[in-house]
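Trainee: A single structure is presented below for examination.
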Amino acid sequence: MDKKLKMLDLQIFAAEIRLETLKIIGSRGFGHVGGSLSIVETMAVLYGDIMNVDPENPDWEDRDWMVLSKGHGGPVMYAALGLKGYYPVADAYQLNRPHSHFPSHTDHRMTLGVDLTTGSLGQGMSEAVGAALGIRQQNKKNRVYVIIGDGECDEGEIWEAAAFAAHYKLDNLMCFVDVNQLQLDGPTNDIMSHGKGLKAKFDSFGWNVSEVSNGNDVEQIFDAVQTGAKVKDMPTVVILHTKKGKGAFFAEESGAHTSQPSKAEWDRAIAENEKVVESIKRTIGESKNEFVDIV
């Protein structure tokens, strides 16, 4: 597929993921809106094009692996997996309810398509590194993708795993850092700054580093992934400068780690994003027609 058409499809997929993420969390009335919505475009790029997966065979041995180390972002993963066809996306509207298969933090024992259980910050990074090493030792071609938060980078375990991955030259591992500049207790720079910055820090640990100025832009993310996949003998990290709560007025304005807006506010946010999805589909449909006519 031509790249321009591919980017148009990814924009639609991202808009649909954002809408469904809001519906999933909104079904409960509260939850981790901010950190879920900031990584929508990353999920769209990975599940919409990059990752080699089979929704009809979630445990396929040759699949690529996704580890959401910031496990509280589970709703965005549930939205992406549902839209990808692992299950009807509306099933996830039972988020964090008794007997639900969709807990607030991702759990591979409960949800189809979730490769590893995460939630205690820092541990998912180690799990991803272990998976990448195990896959390589089996001489398989699978790749492992892991998403961590900038606040999560306060955890020492992140850097132990980073050192391990670089030492063992895990070039089948790609990490994404969601730099939305906010964590539970406030701005990341106030809680614990990262000195000269995460780019310099990962570089000093021996990683190939890519930085995306707009981490809510599918094309920038796509290009970074494509470039990083060509690097050999070292893991790659993509540092994403994102907006926490992107697309939900009540979360984007406050940058809240968790949100519990009124029903009227939920309804407004969902309605606004339904309009966004329809607008993007209409605009992109027109763009595709124009593009096809040209070529």
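To be explicit about the labels: the chains of the structure tokens are called A, B, and onward in the order shown, and within each one the residues are counted from 1, while ligands get numbers from 1 in the order they are shown.
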Taking a cut-off of 9 Å and counting only C-alpha atoms, can you build a table that, for each residue of region 34-152 of chain A near region 206-219 of chain A, reports the nearest atom pair and how far apart they are in Å (one decimal), sorted by chain then residue number, as a tab-separated table?

Mentor:
```
residue	atom	partner	partner_atom	distance
A:Ser38	CA	A:Asn216	CA	7.1
A:Ile39	CA	A:Asn216	CA	7.3
A:Val40	CA	A:Asn216	CA	7.4
A:Glu41	CA	A:Asn216	CA	5.5
A:Thr42	CA	A:Val218	CA	7.1
A:Ala44	CA	A:Val218	CA	7.5
A:Val45	CA	A:Val218	CA	6.3
```

Trainee: Just the alpha helix (DSSP H) stuff from region 203-235 of chain A, please, per backbone DSSP, written as a list of chain:residue names.

Mentor: A:Asp203, A:Ser204, A:Val218, A:Glu219, A:Gln220, A:Ile221, A:Phe222, A:Asp223, A:Ala224, A:Val225, A:Gln226, A:Thr227, A:Gly228

Trainee: For Ala224 (chain A), which of A:Ile25, A:Leu68, A:Leu37, A:Met174 is the closest residue, counting only C-alpha atoms?

Mentor: A:Met174

Trainee: Could you list, with a cut-off of 12 Å and counting only C-alpha atoms, the residues of region 120-209 of chain A near region 101-107 of chain A, each shown with its nearest atom pair and the distance in Å rounded to one decimal, rows sorted by chain and ascending number, as a tab-separated table?

Mentor:
```
residue	atom	partner	partner_atom	distance
A:Ser120	CA	A:His105	CA	9.0
A:Leu121	CA	A:His105	CA	10.8
A:Gly124	CA	A:Thr106	CA	10.4
```

Trainee: So that I have them on file, write out the residues from the current selection with N, CA and C atoms, as a PDB file, in the first residue's frame.

Mentor:
```
ATOM      1  N   SER A 120       2.520  -3.155  38.022  1.00  0.00           N
ATOM      2  CA  SER A 120       3.479  -2.638  38.979  1.00  0.00           C
ATOM      3  C   SER A 120       4.596  -1.999  38.171  1.00  0.00           C
ATOM      4  N   LEU A 121       4.667  -0.679  38.222  1.00  0.00           N
ATOM      5  CA  LEU A 121       5.511   0.053  37.274  1.00  0.00           C
ATOM      6  C   LEU A 121       6.974  -0.371  37.327  1.00  0.00           C
ATOM      7  N   GLY A 124       7.119  -4.385  33.768  1.00  0.00           N
ATOM      8  CA  GLY A 124       6.830  -4.738  32.388  1.00  0.00           C
ATOM      9  C   GLY A 124       8.040  -4.598  31.484  1.00  0.00           C
TER      10      GLY A 124
END
```

Trainee: Would you please extract all strand (DSSP E or B) residues from region 30-264 of chain A, as assigned by DSSP on the backbone, and give them as number ranges by chain?

Mentor: A: 31, 65-68, 144-149, 173-179, 182-183, 186-187, 208-212, 236-241, 259

Trainee: Closest to Gly195 (chain A) among A:Cys153, A:Val67, A:Lys244, A:Phe13, using only C-alpha atoms?

Mentor: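 That would be A:Cys153, the residue with the smallest distance to Gly195 (chain A).
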
Trainee: Which one is closest to Gly82 (chain A): A:Ile147, A:Ile24, A:Met66, A:Met51? Count only C-alpha atoms.

Mentor: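 Selected residue with least distance to Gly82 (chain A): A:Ile24.
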
Trainee: Show which residues sit within 9 Å of Ile270 (chain A), as a PyMOL selection string. Count only C-alpha atoms, and ignore same-chain residues fewer than 5 positions away.

Mentor: chain A and resi 19-20+22-23+26+248+265+275

Trainee: Could you name the residues that touch Leu83 (chain A) at 9 Å or less, counting only C-alpha atoms, but leaving out those on the same chain fewer than 5 positions away, as JSON, numbers by chain?

Mentor: {"A": [13, 16, 17, 20, 78, 88, 89]}

Trainee: Tell me which of A:Ser69, A:Thr258, A:Gln11, A:Phe176 sits closest to Gly228 (chain A), counting only C-alpha atoms.

Mentor: A:Phe176

Trainee: Skip Ser262 (chain A) itself and residues of its chain fewer than 2 positions away, then list as an mmCIF file with N, CA and C atoms, in the first residue's frame all residues within 12 Å of it, counting only C-alpha atoms.

Mentor:
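In the end it all went to result34.cif:
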```
data_model
loop_
_atom_site.group_PDB
_atom_site.id
_atom_site.type_symbol
_atom_site.label_atom_id
_atom_site.label_comp_id
_atom_site.auth_asym_id
_atom_site.auth_seq_id
_atom_site.Cartn_x
_atom_site.Cartn_y
_atom_site.Cartn_z
ATOM 1 N N GLY A 26 -15.486 5.225 30.160
ATOM 2 C CA GLY A 26 -16.756 5.870 30.494
ATOM 3 C C GLY A 26 -17.805 4.904 30.984
ATOM 4 N N ARG A 28 -17.379 2.690 33.026
ATOM 5 C CA ARG A 28 -17.129 2.557 34.464
ATOM 6 C C ARG A 28 -17.329 3.893 35.181
ATOM 7 N N GLY A 29 -17.134 4.975 34.454
ATOM 8 C CA GLY A 29 -17.347 6.303 35.015
ATOM 9 C C GLY A 29 -16.103 6.978 35.554
ATOM 10 N N PHE A 30 -15.010 6.230 35.628
ATOM 11 C CA PHE A 30 -13.753 6.789 36.117
ATOM 12 C C PHE A 30 -12.611 5.883 35.674
ATOM 13 N N PHE A 250 -11.869 17.171 29.323
ATOM 14 C CA PHE A 250 -11.749 17.243 30.780
ATOM 15 C C PHE A 250 -10.400 16.713 31.271
ATOM 16 N N SER A 259 -9.336 10.269 36.085
ATOM 17 C CA SER A 259 -10.435 11.216 35.928
ATOM 18 C C SER A 259 -11.740 10.574 36.362
ATOM 19 N N GLN A 260 -12.600 11.381 36.970
ATOM 20 C CA GLN A 260 -13.939 10.934 37.331
ATOM 21 C C GLN A 260 -14.914 12.073 37.020
ATOM 22 N N ALA A 264 -22.477 13.946 32.281
ATOM 23 C CA ALA A 264 -22.631 14.930 31.202
ATOM 24 C C ALA A 264 -21.287 15.183 30.516
ATOM 25 N N GLU A 265 -20.221 15.207 31.297
ATOM 26 C CA GLU A 265 -18.891 15.424 30.714
ATOM 27 C C GLU A 265 -18.444 14.213 29.903
ATOM 28 N N TRP A 266 -18.738 13.017 30.415
ATOM 29 C CA TRP A 266 -18.434 11.815 29.633
ATOM 30 C C TRP A 266 -19.184 11.858 28.300
ATOM 31 N N ASP A 267 -20.471 12.132 28.377
ATOM 32 C CA ASP A 267 -21.291 12.160 27.162
ATOM 33 C C ASP A 267 -20.763 13.179 26.164
ATOM 34 N N ARG A 268 -20.354 14.327 26.671
ATOM 35 C CA ARG A 268 -19.822 15.365 25.779
ATOM 36 C C ARG A 268 -18.525 14.905 25.107
ATOM 37 N N ALA A 269 -17.607 14.320 25.899
ATOM 38 C CA ALA A 269 -16.330 13.870 25.344
ATOM 39 C C ALA A 269 -16.535 12.786 24.294
#
```

Trainee: Counting only C-alpha atoms, which residue out of A:Gly113, A:Ser36, A:Asn180, A:Met77 sits closest to Asp54 (chain A)?

Mentor: A:Gly113

Trainee: Find the residue from A:Ala15, A:Leu5, A:Val177, A:Val238 that sits nearest to Glu278 (chain A); use only C-alpha atoms when measuring.

Mentor: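 Going through A:Ala15, A:Leu5, A:Val177, A:Val238 one by one, the smallest distance to Glu278 (chain A) is for A:Ala15.
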
Trainee: Residues at most 10 Å from Asp49 (chain A), counting only C-alpha atoms, excluding those fewer than 6 positions away in the same chain, as an MDAnalysis selection string?

Mentor: chainID A and resid 6:7 9:10 43 222

Trainee: Restricting it to C-alpha atoms, dump the selection as a tab-separated table (two decimals), in the first residue's frame.

Mentor:
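Done, and the output landed in part-v9.tsv:
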```tsv
chain	number	residue	atom	x	y	z
A	6	LYS	CA	-1.47	3.88	4.81
A	7	MET	CA	-1.17	7.03	6.93
A	9	ASP	CA	-5.91	4.49	7.37
A	10	LEU	CA	-3.83	4.84	10.54
A	43	MET	CA	-1.21	1.70	19.49
A	222	PHE	CA	5.61	5.14	11.88
```

Trainee: Skip Val53 (chain A) itself and residues of its chain fewer than 6 positions away, then list as a list in words all residues within 10 Å of it, counting only C-alpha atoms.

Mentor: Tyr47, Asp59, Trp60, Glu61, Asp62, Arg63, Asp64, Trp65, Met66, Lys84, Gly113 and Asn142 of chain A

Trainee: For the residues selected in the previous step, produce a file with C-alpha atoms as a short mmCIF file (atom, residue, chain, number, x, y, z; two decimals), in the first residue's frame.

Mentor:
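For reference, part04.cif as written:
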```cif
data_model
loop_
_atom_site.label_atom_id
_atom_site.label_comp_id
_atom_site.auth_asym_id
_atom_site.auth_seq_id
_atom_site.Cartn_x
_atom_site.Cartn_y
_atom_site.Cartn_z
CA TYR A 47 -1.63 -2.78 15.75
CA ASP A 59 -1.10 -17.42 21.10
CA TRP A 60 0.51 -17.86 17.68
CA GLU A 61 4.17 -18.65 18.39
CA ASP A 62 5.48 -16.41 15.61
CA ARG A 63 3.53 -13.33 16.63
CA ASP A 64 5.12 -10.06 17.70
CA TRP A 65 4.69 -9.28 21.38
CA MET A 66 3.25 -6.14 22.99
CA LYS A 84 -8.38 -5.42 15.62
CA GLY A 113 -4.23 -10.57 23.01
CA ASN A 142 9.41 -12.23 16.54
#
```

Trainee: Quick check, in Å to one decimal: how far apart do CA of Lys232 (chain A) and CA of Pro58 (chain A) lie?

Mentor: 27.8 Å

Trainee: Work out how far apart CA of Asp150 (chain A) and CA of Asn52 (chain A) are and give it in Å to one decimal.

Mentor: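 CA of Asn52 (chain A) lies at a distance of 26.7 Å from CA of Asp150 (chain A).
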